[in-house]
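So this block is structure_37.pdb, PDB, N, CA and C atoms:
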ATOM      1  N   MET A   1      20.615   2.002  20.570
ATOM      2  CA  MET A   1      19.258   2.230  21.045
ATOM      3  C   MET A   1      18.661   3.358  20.208
ATOM      4  N   SER A   2      17.560   3.057  19.521
ATOM      5  CA  SER A   2      16.900   4.105  18.754
ATOM      6  C   SER A   2      15.397   3.877  18.764
ATOM      7  N   LEU A   3      14.681   4.966  18.868
ATOM      8  CA  LEU A   3      13.219   4.942  18.820
ATOM      9  C   LEU A   3      12.790   6.032  17.863
ATOM     10  N   THR A   4      11.888   5.717  16.937
ATOM     11  CA  THR A   4      11.372   6.705  16.003
ATOM     12  C   THR A   4       9.853   6.662  16.024
ATOM     13  N   ALA A   5       9.249   7.746  15.567
ATOM     14  CA  ALA A   5       7.789   7.838  15.482
ATOM     15  C   ALA A   5       7.391   7.952  14.016
ATOM     16  N   ASP A   6       6.348   7.209  13.639
ATOM     17  CA  ASP A   6       5.860   7.253  12.280
ATOM     18  C   ASP A   6       4.342   7.383  12.295
ATOM     19  N   PRO A   7       3.768   8.451  11.773
ATOM     20  CA  PRO A   7       4.444   9.609  11.185
ATOM     21  C   PRO A   7       5.091  10.486  12.266
ATOM     22  N   PRO A   8       6.069  11.324  11.871
ATOM     23  CA  PRO A   8       6.822  12.116  12.845
ATOM     24  C   PRO A   8       6.123  13.394  13.320
ATOM     25  N   ALA A   9       4.927  13.686  12.800
ATOM     26  CA  ALA A   9       4.176  14.875  13.208
ATOM     27  C   ALA A   9       2.693  14.523  13.254
ATOM     28  N   CYS A  10       1.924  15.331  13.972
ATOM     29  CA  CYS A  10       0.496  15.076  14.157
ATOM     30  C   CYS A  10      -0.306  16.318  13.776
ATOM     31  N   THR A  11      -1.262  16.152  12.873
ATOM     32  CA  THR A  11      -2.180  17.239  12.528
ATOM     33  C   THR A  11      -3.596  16.715  12.724
ATOM     34  N   VAL A  12      -4.376  17.424  13.551
ATOM     35  CA  VAL A  12      -5.762  17.035  13.816
ATOM     36  C   VAL A  12      -6.642  18.282  13.737
ATOM     37  N   PRO A  13      -7.925  18.108  13.481
ATOM     38  CA  PRO A  13      -8.830  19.258  13.470
ATOM     39  C   PRO A  13      -8.966  19.851  14.874
ATOM     40  N   ALA A  14      -9.037  21.177  14.965
ATOM     41  CA  ALA A  14      -9.224  21.831  16.259
ATOM     42  C   ALA A  14     -10.565  21.445  16.874
ATOM     43  N   ALA A  15     -11.512  21.016  16.054
ATOM     44  CA  ALA A  15     -12.823  20.594  16.550
ATOM     45  C   ALA A  15     -12.753  19.228  17.228
ATOM     46  N   GLY A  16     -11.610  18.564  17.106
ATOM     47  CA  GLY A  16     -11.431  17.255  17.742
ATOM     48  C   GLY A  16     -11.158  16.175  16.720
ATOM     49  N   GLY A  17     -10.418  15.164  17.134
ATOM     50  CA  GLY A  17     -10.107  14.055  16.238
ATOM     51  C   GLY A  17      -9.001  13.199  16.820
ATOM     52  N   THR A  18      -8.617  12.167  16.077
ATOM     53  CA  THR A  18      -7.561  11.273  16.542
ATOM     54  C   THR A  18      -6.504  11.084  15.466
ATOM     55  N   SER A  19      -5.321  10.708  15.909
ATOM     56  CA  SER A  19      -4.212  10.402  15.020
ATOM     57  C   SER A  19      -3.462   9.224  15.637
ATOM     58  N   THR A  20      -3.164   8.207  14.824
ATOM     59  CA  THR A  20      -2.435   7.036  15.316
ATOM     60  C   THR A  20      -1.002   7.091  14.811
ATOM     61  N   HIS A  21      -0.081   6.831  15.707
ATOM     62  CA  HIS A  21       1.343   6.859  15.388
ATOM     63  C   HIS A  21       1.969   5.557  15.856
ATOM     64  N   LYS A  22       3.053   5.177  15.216
ATOM     65  CA  LYS A  22       3.749   3.947  15.549
ATOM     66  C   LYS A  22       5.126   4.307  16.087
ATOM     67  N   LEU A  23       5.434   3.840  17.305
ATOM     68  CA  LEU A  23       6.777   3.965  17.845
ATOM     69  C   LEU A  23       7.548   2.742  17.386
ATOM     70  N   VAL A  24       8.683   2.953  16.734
ATOM     71  CA  VAL A  24       9.456   1.862  16.159
ATOM     72  C   VAL A  24      10.815   1.778  16.847
ATOM     73  N   ASN A  25      11.113   0.600  17.384
ATOM     74  CA  ASN A  25      12.385   0.341  18.050
ATOM     75  C   ASN A  25      13.342  -0.246  17.008
ATOM     76  N   GLY A  26      14.368   0.524  16.642
ATOM     77  CA  GLY A  26      15.325   0.066  15.643
ATOM     78  C   GLY A  26      16.499  -0.680  16.254
ATOM     79  N   GLY A  27      16.472  -0.906  17.555
ATOM     80  CA  GLY A  27      17.605  -1.535  18.228
ATOM     81  C   GLY A  27      17.354  -2.977  18.626
ATOM     82  N   ALA A  28      18.345  -3.538  19.317
ATOM     83  CA  ALA A  28      18.292  -4.939  19.732
ATOM     84  C   ALA A  28      17.852  -5.099  21.185
ATOM     85  N   ASP A  29      17.561  -3.990  21.877
ATOM     86  CA  ASP A  29      17.151  -4.043  23.276
ATOM     87  C   ASP A  29      15.704  -3.597  23.430
ATOM     88  N   LYS A  30      15.002  -4.192  24.392
ATOM     89  CA  LYS A  30      13.636  -3.776  24.714
ATOM     90  C   LYS A  30      13.696  -2.373  25.324
ATOM     91  N   LEU A  31      12.814  -1.489  24.860
ATOM     92  CA  LEU A  31      12.777  -0.108  25.363
ATOM     93  C   LEU A  31      11.523   0.122  26.191
ATOM     94  N   ILE A  32      11.630   1.084  27.103
ATOM     95  CA  ILE A  32      10.508   1.535  27.918
ATOM     96  C   ILE A  32      10.311   3.013  27.596
ATOM     97  N   PHE A  33       9.050   3.483  27.571
ATOM     98  CA  PHE A  33       8.824   4.890  27.238
ATOM     99  C   PHE A  33       7.769   5.518  28.143
ATOM    100  N   LYS A  34       7.838   6.861  28.170
ATOM    101  CA  LYS A  34       6.847   7.698  28.844
ATOM    102  C   LYS A  34       6.582   8.876  27.911
ATOM    103  N   ILE A  35       5.303   9.219  27.730
ATOM    104  CA  ILE A  35       4.933  10.310  26.830
ATOM    105  C   ILE A  35       4.420  11.489  27.639
ATOM    106  N   LYS A  36       4.967  12.671  27.347
ATOM    107  CA  LYS A  36       4.509  13.911  27.975
ATOM    108  C   LYS A  36       3.939  14.828  26.899
ATOM    109  N   SER A  37       2.911  15.576  27.261
ATOM    110  CA  SER A  37       2.267  16.509  26.335
ATOM    111  C   SER A  37       2.376  17.933  26.863
ATOM    112  N   SER A  38       2.526  18.882  25.936
ATOM    113  CA  SER A  38       2.550  20.287  26.341
ATOM    114  C   SER A  38       1.134  20.815  26.585
ATOM    115  N   ASN A  39       0.107  20.008  26.285
ATOM    116  CA  ASN A  39      -1.274  20.450  26.439
ATOM    117  C   ASN A  39      -2.132  19.264  26.895
ATOM    118  N   ASN A  40      -2.175  19.054  28.204
ATOM    119  CA  ASN A  40      -2.976  17.943  28.739
ATOM    120  C   ASN A  40      -4.461  18.267  28.818
ATOM    121  N   ASN A  41      -4.836  19.533  28.579
ATOM    122  CA  ASN A  41      -6.253  19.902  28.613
ATOM    123  C   ASN A  41      -6.989  19.445  27.363
ATOM    124  N   GLU A  42      -6.327  19.488  26.205
ATOM    125  CA  GLU A  42      -7.004  19.175  24.949
ATOM    126  C   GLU A  42      -6.532  17.885  24.289
ATOM    127  N   TYR A  43      -5.460  17.278  24.808
ATOM    128  CA  TYR A  43      -4.953  16.037  24.215
ATOM    129  C   TYR A  43      -4.980  14.901  25.221
ATOM    130  N   ARG A  44      -5.321  13.718  24.732
ATOM    131  CA  ARG A  44      -5.262  12.487  25.517
ATOM    132  C   ARG A  44      -4.386  11.515  24.733
ATOM    133  N   ILE A  45      -3.449  10.893  25.414
ATOM    134  CA  ILE A  45      -2.517   9.977  24.775
ATOM    135  C   ILE A  45      -2.723   8.581  25.356
ATOM    136  N   THR A  46      -2.774   7.575  24.490
ATOM    137  CA  THR A  46      -2.925   6.194  24.926
ATOM    138  C   THR A  46      -1.918   5.333  24.170
ATOM    139  N   PRO A  47      -1.065   4.599  24.846
ATOM    140  CA  PRO A  47      -0.772   4.620  26.283
ATOM    141  C   PRO A  47       0.235   5.719  26.615
ATOM    142  N   VAL A  48       0.304   6.106  27.878
ATOM    143  CA  VAL A  48       1.281   7.097  28.334
ATOM    144  C   VAL A  48       2.616   6.409  28.617
ATOM    145  N   PHE A  49       2.571   5.207  29.175
ATOM    146  CA  PHE A  49       3.762   4.410  29.468
ATOM    147  C   PHE A  49       3.679   3.109  28.683
ATOM    148  N   GLY A  50       4.831   2.543  28.330
ATOM    149  CA  GLY A  50       4.794   1.256  27.651
ATOM    150  C   GLY A  50       6.166   0.727  27.322
ATOM    151  N   PHE A  51       6.158  -0.436  26.683
ATOM    152  CA  PHE A  51       7.373  -1.103  26.243
ATOM    153  C   PHE A  51       7.329  -1.265  24.726
ATOM    154  N   VAL A  52       8.508  -1.263  24.088
ATOM    155  CA  VAL A  52       8.615  -1.583  22.669
ATOM    156  C   VAL A  52       9.684  -2.669  22.551
ATOM    157  N   ASP A  53       9.279  -3.825  22.039
ATOM    158  CA  ASP A  53      10.197  -4.957  21.914
ATOM    159  C   ASP A  53      11.305  -4.665  20.905
ATOM    160  N   PRO A  54      12.432  -5.381  21.003
ATOM    161  CA  PRO A  54      13.521  -5.196  20.035
ATOM    162  C   PRO A  54      13.014  -5.390  18.608
ATOM    163  N   SER A  55      13.375  -4.471  17.725
ATOM    164  CA  SER A  55      12.946  -4.487  16.320
ATOM    165  C   SER A  55      11.426  -4.526  16.184
ATOM    166  N   GLY A  56      10.710  -4.067  17.221
ATOM    167  CA  GLY A  56       9.250  -4.082  17.214
ATOM    168  C   GLY A  56       8.668  -2.681  17.152
ATOM    169  N   SER A  57       7.363  -2.621  17.295
ATOM    170  CA  SER A  57       6.679  -1.326  17.266
ATOM    171  C   SER A  57       5.506  -1.344  18.233
ATOM    172  N   LYS A  58       5.031  -0.157  18.559
ATOM    173  CA  LYS A  58       3.896   0.015  19.471
ATOM    174  C   LYS A  58       3.059   1.169  18.937
ATOM    175  N   ASP A  59       1.759   0.954  18.796
ATOM    176  CA  ASP A  59       0.871   2.031  18.348
ATOM    177  C   ASP A  59       0.512   2.930  19.518
ATOM    178  N   ILE A  60       0.503   4.238  19.250
ATOM    179  CA  ILE A  60      -0.020   5.202  20.220
ATOM    180  C   ILE A  60      -1.125   5.988  19.530
ATOM    181  N   VAL A  61      -2.138   6.365  20.299
ATOM    182  CA  VAL A  61      -3.264   7.121  19.756
ATOM    183  C   VAL A  61      -3.303   8.478  20.445
ATOM    184  N   ILE A  62      -3.314   9.519  19.618
ATOM    185  CA  ILE A  62      -3.417  10.895  20.111
ATOM    186  C   ILE A  62      -4.842  11.354  19.834
ATOM    187  N   THR A  63      -5.569  11.722  20.882
ATOM    188  CA  THR A  63      -6.948  12.183  20.742
ATOM    189  C   THR A  63      -7.021  13.634  21.181
ATOM    190  N   ARG A  64      -7.619  14.479  20.327
ATOM    191  CA  ARG A  64      -7.766  15.891  20.673
ATOM    192  C   ARG A  64      -9.235  16.205  20.872
ATOM    193  N   THR A  65      -9.520  16.892  21.977
ATOM    194  CA  THR A  65     -10.876  17.381  22.212
ATOM    195  C   THR A  65     -11.012  18.745  21.547
ATOM    196  N   ALA A  66     -12.218  19.241  21.425
ATOM    197  CA  ALA A  66     -12.452  20.513  20.761
ATOM    198  C   ALA A  66     -11.779  21.652  21.515
ATOM    199  N   GLY A  67     -11.197  22.574  20.767
ATOM    200  CA  GLY A  67     -10.539  23.738  21.348
ATOM    201  C   GLY A  67     -10.041  24.646  20.239
ATOM    202  N   ALA A  68      -9.431  25.749  20.616
ATOM    203  CA  ALA A  68      -8.917  26.704  19.641
ATOM    204  C   ALA A  68      -7.730  26.102  18.883
ATOM    205  N   PRO A  69      -7.553  26.461  17.611
ATOM    206  CA  PRO A  69      -6.383  26.006  16.859
ATOM    207  C   PRO A  69      -5.100  26.415  17.595
ATOM    208  N   LYS A  70      -4.147  25.503  17.675
ATOM    209  CA  LYS A  70      -2.970  25.755  18.494
ATOM    210  C   LYS A  70      -1.869  24.774  18.122
ATOM    211  N   GLU A  71      -0.610  25.190  18.328
ATOM    212  CA  GLU A  71       0.541  24.308  18.141
ATOM    213  C   GLU A  71       0.956  23.753  19.501
ATOM    214  N   ASP A  72       1.156  22.460  19.587
ATOM    215  CA  ASP A  72       1.599  21.811  20.817
ATOM    216  C   ASP A  72       2.641  20.759  20.453
ATOM    217  N   LYS A  73       3.085  19.987  21.445
ATOM    218  CA  LYS A  73       4.043  18.927  21.149
ATOM    219  C   LYS A  73       3.941  17.795  22.159
ATOM    220  N   LEU A  74       4.363  16.615  21.706
ATOM    221  CA  LEU A  74       4.545  15.465  22.574
ATOM    222  C   LEU A  74       6.038  15.225  22.679
ATOM    223  N   VAL A  75       6.500  14.876  23.866
ATOM    224  CA  VAL A  75       7.874  14.459  24.036
ATOM    225  C   VAL A  75       7.838  13.034  24.583
ATOM    226  N   ILE A  76       8.497  12.129  23.863
ATOM    227  CA  ILE A  76       8.534  10.729  24.259
ATOM    228  C   ILE A  76       9.917  10.446  24.823
ATOM    229  N   HIS A  77       9.982  10.208  26.128
ATOM    230  CA  HIS A  77      11.231   9.871  26.796
ATOM    231  C   HIS A  77      11.368   8.353  26.772
ATOM    232  N   PHE A  78      12.585   7.857  26.509
ATOM    233  CA  PHE A  78      12.765   6.409  26.467
ATOM    234  C   PHE A  78      14.113   5.995  27.034
ATOM    235  N   ALA A  79      14.201   4.710  27.381
ATOM    236  CA  ALA A  79      15.426   4.124  27.931
ATOM    237  C   ALA A  79      15.359   2.618  27.718
ATOM    238  N   ASN A  80      16.488   1.942  27.933
ATOM    239  CA  ASN A  80      16.470   0.476  27.906
ATOM    240  C   ASN A  80      15.610  -0.008  29.061
ATOM    241  N   ALA A  81      14.746  -0.971  28.782
ATOM    242  CA  ALA A  81      13.854  -1.502  29.816
ATOM    243  C   ALA A  81      14.608  -2.468  30.723
ATOM    244  N   PRO A  82      14.372  -2.390  32.035
ATOM    245  CA  PRO A  82      14.946  -3.401  32.931
ATOM    246  C   PRO A  82      14.430  -4.785  32.536
ATOM    247  N   ALA A  83      15.283  -5.787  32.618
ATOM    248  CA  ALA A  83      14.941  -7.142  32.160
ATOM    249  C   ALA A  83      13.717  -7.717  32.854
ATOM    250  N   ASP A  84      13.520  -7.367  34.125
ATOM    251  CA  ASP A  84      12.418  -7.951  34.885
ATOM    252  C   ASP A  84      11.177  -7.052  34.952
ATOM    253  N   ALA A  85      11.172  -5.951  34.215
ATOM    254  CA  ALA A  85      10.071  -4.983  34.304
ATOM    255  C   ALA A  85       8.799  -5.519  33.648
ATOM    256  N   THR A  86       7.674  -5.383  34.360
ATOM    257  CA  THR A  86       6.372  -5.750  33.805
ATOM    258  C   THR A  86       5.403  -4.569  33.868
ATOM    259  N   ASP A  87       5.639  -3.625  34.776
ATOM    260  CA  ASP A  87       4.814  -2.430  34.935
ATOM    261  C   ASP A  87       5.634  -1.228  34.445
ATOM    262  N   ALA A  88       5.287  -0.727  33.253
ATOM    263  CA  ALA A  88       6.077   0.337  32.642
ATOM    264  C   ALA A  88       6.101   1.610  33.487
ATOM    265  N   GLN A  89       4.974   1.981  34.073
ATOM    266  CA  GLN A  89       4.926   3.215  34.866
ATOM    267  C   GLN A  89       5.837   3.109  36.084
ATOM    268  N   ALA A  90       5.775   2.006  36.803
ATOM    269  CA  ALA A  90       6.608   1.832  37.993
ATOM    270  C   ALA A  90       8.084   1.736  37.617
ATOM    271  N   ALA A  91       8.395   1.005  36.559
ATOM    272  CA  ALA A  91       9.791   0.823  36.154
ATOM    273  C   ALA A  91      10.394   2.125  35.654
ATOM    274  N   PHE A  92       9.612   2.931  34.916
ATOM    275  CA  PHE A  92      10.155   4.172  34.355
ATOM    276  C   PHE A  92      10.496   5.159  35.464
ATOM    277  N   ALA A  93       9.753   5.128  36.560
ATOM    278  CA  ALA A  93      10.004   6.060  37.670
ATOM    279  C   ALA A  93      11.403   5.898  38.247
ATOM    280  N   ALA A  94      11.986   4.710  38.109
ATOM    281  CA  ALA A  94      13.307   4.443  38.673
ATOM    282  C   ALA A  94      14.434   4.682  37.666
ATOM    283  N   LEU A  95      14.110   5.113  36.468
ATOM    284  CA  LEU A  95      15.106   5.276  35.409
ATOM    285  C   LEU A  95      15.351   6.729  35.054
ATOM    286  N   ALA A  96      16.520   6.984  34.484
ATOM    287  CA  ALA A  96      16.796   8.276  33.858
ATOM    288  C   ALA A  96      16.632   8.055  32.353
ATOM    289  N   PRO A  97      15.846   8.901  31.667
ATOM    290  CA  PRO A  97      15.671   8.721  30.228
ATOM    291  C   PRO A  97      17.022   8.777  29.504
ATOM    292  N   ALA A  98      17.198   7.906  28.525
ATOM    293  CA  ALA A  98      18.443   7.866  27.750
ATOM    294  C   ALA A  98      18.310   8.676  26.462
ATOM    295  N   GLY A  99      17.077   8.996  26.087
ATOM    296  CA  GLY A  99      16.846   9.760  24.871
ATOM    297  C   GLY A  99      15.410  10.222  24.799
ATOM    298  N   ASN A 100      15.121  11.074  23.825
ATOM    299  CA  ASN A 100      13.733  11.502  23.634
ATOM    300  C   ASN A 100      13.510  11.868  22.183
ATOM    301  N   ILE A 101      12.254  11.792  21.775
ATOM    302  CA  ILE A 101      11.847  12.265  20.464
ATOM    303  C   ILE A 101      10.649  13.190  20.669
ATOM    304  N   THR A 102      10.525  14.156  19.781
ATOM    305  CA  THR A 102       9.460  15.140  19.862
ATOM    306  C   THR A 102       8.539  14.994  18.645
ATOM    307  N   ILE A 103       7.240  14.958  18.914
ATOM    308  CA  ILE A 103       6.241  14.938  17.847
ATOM    309  C   ILE A 103       5.510  16.279  17.900
ATOM    310  N   PRO A 104       5.720  17.151  16.900
ATOM    311  CA  PRO A 104       4.950  18.399  16.864
ATOM    312  C   PRO A 104       3.475  18.095  16.577
ATOM    313  N   MET A 105       2.576  18.775  17.280
ATOM    314  CA  MET A 105       1.143  18.577  17.095
ATOM    315  C   MET A 105       0.520  19.903  16.658
ATOM    316  N   SER A 106      -0.291  19.843  15.639
ATOM    317  CA  SER A 106      -0.933  21.037  15.109
ATOM    318  C   SER A 106      -2.430  20.804  15.018
ATOM    319  N   ALA A 107      -3.201  21.660  15.679
ATOM    320  CA  ALA A 107      -4.650  21.598  15.600
ATOM    321  C   ALA A 107      -5.085  22.708  14.625
ATOM    322  N   THR A 108      -5.726  22.311  13.552
ATOM    323  CA  THR A 108      -6.079  23.258  12.494
ATOM    324  C   THR A 108      -7.576  23.508  12.452
ATOM    325  N   ALA A 109      -7.920  24.716  12.033
ATOM    326  CA  ALA A 109      -9.332  25.106  11.956
ATOM    327  C   ALA A 109     -10.028  24.447  10.794
TER
END
Take the structure in the file and write it out as structure tokens.
Amino acid sequence: MSLTADPPACTVPAAGGTSTHKLVNGGADKLIFKIKSSNNNEYRITPVFGFVDPSGSKDIVITRTAGAPKEDKLVIHFANAPADATDAQAAFAALAPAGNITIPMSATA
């Protein structure tokens, strides 16, 4: 089971902007994920919960609103998806994460 982010870091203007990243599942099992941010006031993540098919990928969009330049991070928790899961948020609540990846976020002036 492996999940990677491409690109592995996010740099956006402190005045606001977006960055698109691809979560890539390098394994043979469907994965489920949940994304947490260290700064929910200035960042919006879409989607927060989701699935990544075996050997597939899922785009995530990081949107930053205007604010002071600052270093933050996203932590993406993931696990093997239950076979019958259709609602990622509900299914993830019943699981213990099997791994996580961190995306450093930098808002520059």
Surrounding residues of segment 45-49 of chain A excluding itself and chain neighbours under 4 positions, 12 Å, only C-alpha atoms, as JSON, numbers by chain: {"A": [18, 19, 20, 21, 22, 23, 31, 32, 33, 34, 35, 36, 37, 38, 39, 40, 41, 58, 59, 60, 61, 62, 63, 64, 65, 73, 74, 75, 76, 77, 78, 79, 81, 86, 87, 88, 89, 90, 91, 92, 93]}
Nearest to Phe51 of chain A, restricted to all atoms listed in the file and choosing among A:Lys30, A:Leu3, A:Thr108, A:Gly17, comes out as A:Lys30
Fewer than 6 positions away in the same chain doesn't count, so skip those; otherwise give me all residues within 8 Å of Ala109 of chain A, counting all atoms listed in the file, as an MDAnalysis selection string. chainID A and resid 12:15 68:70
Would you mind exporting N, CA and C atoms of the selected residues as a CSV table (one decimal), in the frame of the given file?
chain,number,residue,atom,x,y,z
A,12,VAL,N,-4.4,17.4,13.6
A,12,VAL,CA,-5.8,17.0,13.8
A,12,VAL,C,-6.6,18.3,13.7
A,13,PRO,N,-7.9,18.1,13.5
A,13,PRO,CA,-8.8,19.3,13.5
A,13,PRO,C,-9.0,19.9,14.9
A,14,ALA,N,-9.0,21.2,15.0
A,14,ALA,CA,-9.2,21.8,16.3
A,14,ALA,C,-10.6,21.4,16.9
A,15,ALA,N,-11.5,21.0,16.1
A,15,ALA,CA,-12.8,20.6,16.6
A,15,ALA,C,-12.8,19.2,17.2
A,68,ALA,N,-9.4,25.7,20.6
A,68,ALA,CA,-8.9,26.7,19.6
A,68,ALA,C,-7.7,26.1,18.9
A,69,PRO,N,-7.6,26.5,17.6
A,69,PRO,CA,-6.4,26.0,16.9
A,69,PRO,C,-5.1,26.4,17.6
A,70,LYS,N,-4.1,25.5,17.7
A,70,LYS,CA,-3.0,25.8,18.5
A,70,LYS,C,-1.9,24.8,18.1
Out of chain A, which residues get strand (DSSP E or B) from DSSP, as an MDAnalysis selection string? chainID A and resid 3:6 10:13 17:25 31:37 43:46 49:52 57:64 70:80 99:108
Contacts of Gly26 of chain A at 12 Å or less, counting only C-alpha atoms, minus same-chain residues fewer than 3 places along, as a PyMOL selection string? chain A and resi 1-5+23+29-31+52-57
So that I have them on file, write out the residues from the current selection with N, CA and C atoms, as a CSV table (one decimal), in the coordinates of the input.
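To be explicit, this is the file written out as again_4.csv:
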chain,number,residue,atom,x,y,z
A,1,MET,N,20.6,2.0,20.6
A,1,MET,CA,19.3,2.2,21.0
A,1,MET,C,18.7,3.4,20.2
A,2,SER,N,17.6,3.1,19.5
A,2,SER,CA,16.9,4.1,18.8
A,2,SER,C,15.4,3.9,18.8
A,3,LEU,N,14.7,5.0,18.9
A,3,LEU,CA,13.2,4.9,18.8
A,3,LEU,C,12.8,6.0,17.9
A,4,THR,N,11.9,5.7,16.9
A,4,THR,CA,11.4,6.7,16.0
A,4,THR,C,9.9,6.7,16.0
A,5,ALA,N,9.2,7.7,15.6
A,5,ALA,CA,7.8,7.8,15.5
A,5,ALA,C,7.4,8.0,14.0
A,23,LEU,N,5.4,3.8,17.3
A,23,LEU,CA,6.8,4.0,17.8
A,23,LEU,C,7.5,2.7,17.4
A,29,ASP,N,17.6,-4.0,21.9
A,29,ASP,CA,17.2,-4.0,23.3
A,29,ASP,C,15.7,-3.6,23.4
A,30,LYS,N,15.0,-4.2,24.4
A,30,LYS,CA,13.6,-3.8,24.7
A,30,LYS,C,13.7,-2.4,25.3
A,31,LEU,N,12.8,-1.5,24.9
A,31,LEU,CA,12.8,-0.1,25.4
A,31,LEU,C,11.5,0.1,26.2
A,52,VAL,N,8.5,-1.3,24.1
A,52,VAL,CA,8.6,-1.6,22.7
A,52,VAL,C,9.7,-2.7,22.6
A,53,ASP,N,9.3,-3.8,22.0
A,53,ASP,CA,10.2,-5.0,21.9
A,53,ASP,C,11.3,-4.7,20.9
A,54,PRO,N,12.4,-5.4,21.0
A,54,PRO,CA,13.5,-5.2,20.0
A,54,PRO,C,13.0,-5.4,18.6
A,55,SER,N,13.4,-4.5,17.7
A,55,SER,CA,12.9,-4.5,16.3
A,55,SER,C,11.4,-4.5,16.2
A,56,GLY,N,10.7,-4.1,17.2
A,56,GLY,CA,9.2,-4.1,17.2
A,56,GLY,C,8.7,-2.7,17.2
A,57,SER,N,7.4,-2.6,17.3
A,57,SER,CA,6.7,-1.3,17.3
A,57,SER,C,5.5,-1.3,18.2
Just the number, please: distance in Å from atom N of Ala28 of chain A to atom C of Ala9 of chain A, one decimal. 24.7 Å
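For the pair atom C of Ala107 of chain A and atom N of Ala66 of chain A, the separation is 10.4 Å.
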If you measure from atom CA of Asn100 of chain A to atom CA of Pro82 of chain A, what distance in Å do you get, rounded to one decimal? 17.6 Å
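With only C-alpha atoms as the atoms that count, the minimum distance from Tyr43 of chain A to the choices A:Cys10, A:Ala83, A:Ile101, A:Val24 is reached by A:Cys10.
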